[in-house]
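This report refers to the structure that appears directly beneath it.
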Amino acid sequence: MMTLLSNPSTIAIAIATASALFALGVWGVLKARDVLRAVISVTLLLSSITLLAVTLARAHTDPTVAAGAHAIVLLAWAVEVVEIAVALALFIALSRKGIIEFSRLREGRW
């Protein structure tokens with residue numbers, strides 16, 4: 001039985017998509033001027049790594065490797081959820097004080 005990700009061209013497309021998402025996330029982190037955009041960019045980084053892990057796990061035929069990759073993906077999802085919760089709490093706390101831009105954080109005006 002042939003799965004969708006057993007086709008080499010489909011694997012290449014998934015890897016290219018994950019790479020593009022990772023590059024977009026890195027660019028977003030480097031160019032972010034406010035906290036919310038930086039959080040969204042870091043989330044893109046983590047999602048691209050998750051996509052790559054799922055792609056490589058589905059492409060591999062050894063079930064133990066696939067199970068290990070799926071465990072890593074579940075761990076990555078847990079990290080993403082915690083990261084989003086902490087970032088939203090930080091964003092809410094900073095928005096109450098009127099500090100949302102990184103430039104104000106660097107100046108030390110709280």
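Labeling convention for the structure tokens: chains A, B, ... as they appear, residues from 1 per chain, ligands from 1 in order of appearance.
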Ala87 in chain A surroundings by only C-alpha atoms, 9 Å radius, close-in-sequence under 5 positions cut, as a compact mmCIF listing (two decimals) with N, CA and C atoms, in the first residue's frame:
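Okay, part.txt is ready:
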# COMPACT_ATOMS: atom_id res chain seq x y z
N VAL A 35 6.22 42.56 20.29
CA VAL A 35 6.27 41.25 20.92
C VAL A 35 5.38 40.25 20.20
N LEU A 36 4.22 40.67 19.77
CA LEU A 36 3.28 39.75 19.15
C LEU A 36 3.83 39.18 17.84
N VAL A 39 6.41 36.54 18.62
CA VAL A 39 5.78 35.29 19.07
C VAL A 39 5.23 34.51 17.88
N VAL A 82 2.81 25.61 25.36
CA VAL A 82 3.36 26.35 26.52
C VAL A 82 3.95 27.68 26.07
N ILE A 92 -0.11 40.35 27.26
CA ILE A 92 -1.17 41.01 28.04
C ILE A 92 -0.56 41.89 29.12
(request) Do a neighbour search on range 14-24 of chain A at 10 Å with only C-alpha atoms, toss out local chain neighbours closer than 5 positions, and write the hits as a PyMOL selection string. (result) chain A and resi 5+8-9+29-30+41-56
(message) Show me, as a list in words, the residues that have an atom within 6 Å of Ala66 in chain A when counting only C-alpha atoms, minus same-chain residues fewer than 3 positions from it.
(response)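 Everything that qualifies: Ala57, Pro63 and Ala69 of chain A.
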Could those residues be written to a file, using C-alpha atoms, as a PDB file, in the first residue's frame?
ATOM      1  CA  ALA A  57       8.544  10.018   9.879  1.00  0.00           C
ATOM      2  CA  PRO A  63       7.982   1.613  12.431  1.00  0.00           C
ATOM      3  CA  ALA A  69       9.413  10.832  15.344  1.00  0.00           C
TER       4      ALA A  69
END
(message) Can you tell me, as a ChimeraX atom specification, which residues in chain A count as helix (DSSP H, G or I) by DSSP?
(response) /A:4-6,8-31,35-59,63-97,102-107
(message) Calculated over only C-alpha atoms, which of the candidates A:Ile40, A:Ile11, A:Thr64, A:Ala59 has the smallest distance to Glu83 in chain A?
(response)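 For Glu83 in chain A, the nearest of the given residues is A:Ile40.
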(message) Using only C-alpha atoms, can you tell me which of A:Ile84, A:Asp34, A:Ala93, A:Arg58 comes closest to Asn7 in chain A?
(response)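 Between A:Ile84, A:Asp34, A:Ala93, A:Arg58, the residue approaching Asn7 in chain A most closely is A:Arg58.
Distance-wise, CA of Ala38 in chain A and CA of Ala78 in chain A end up 19.1 Å apart.
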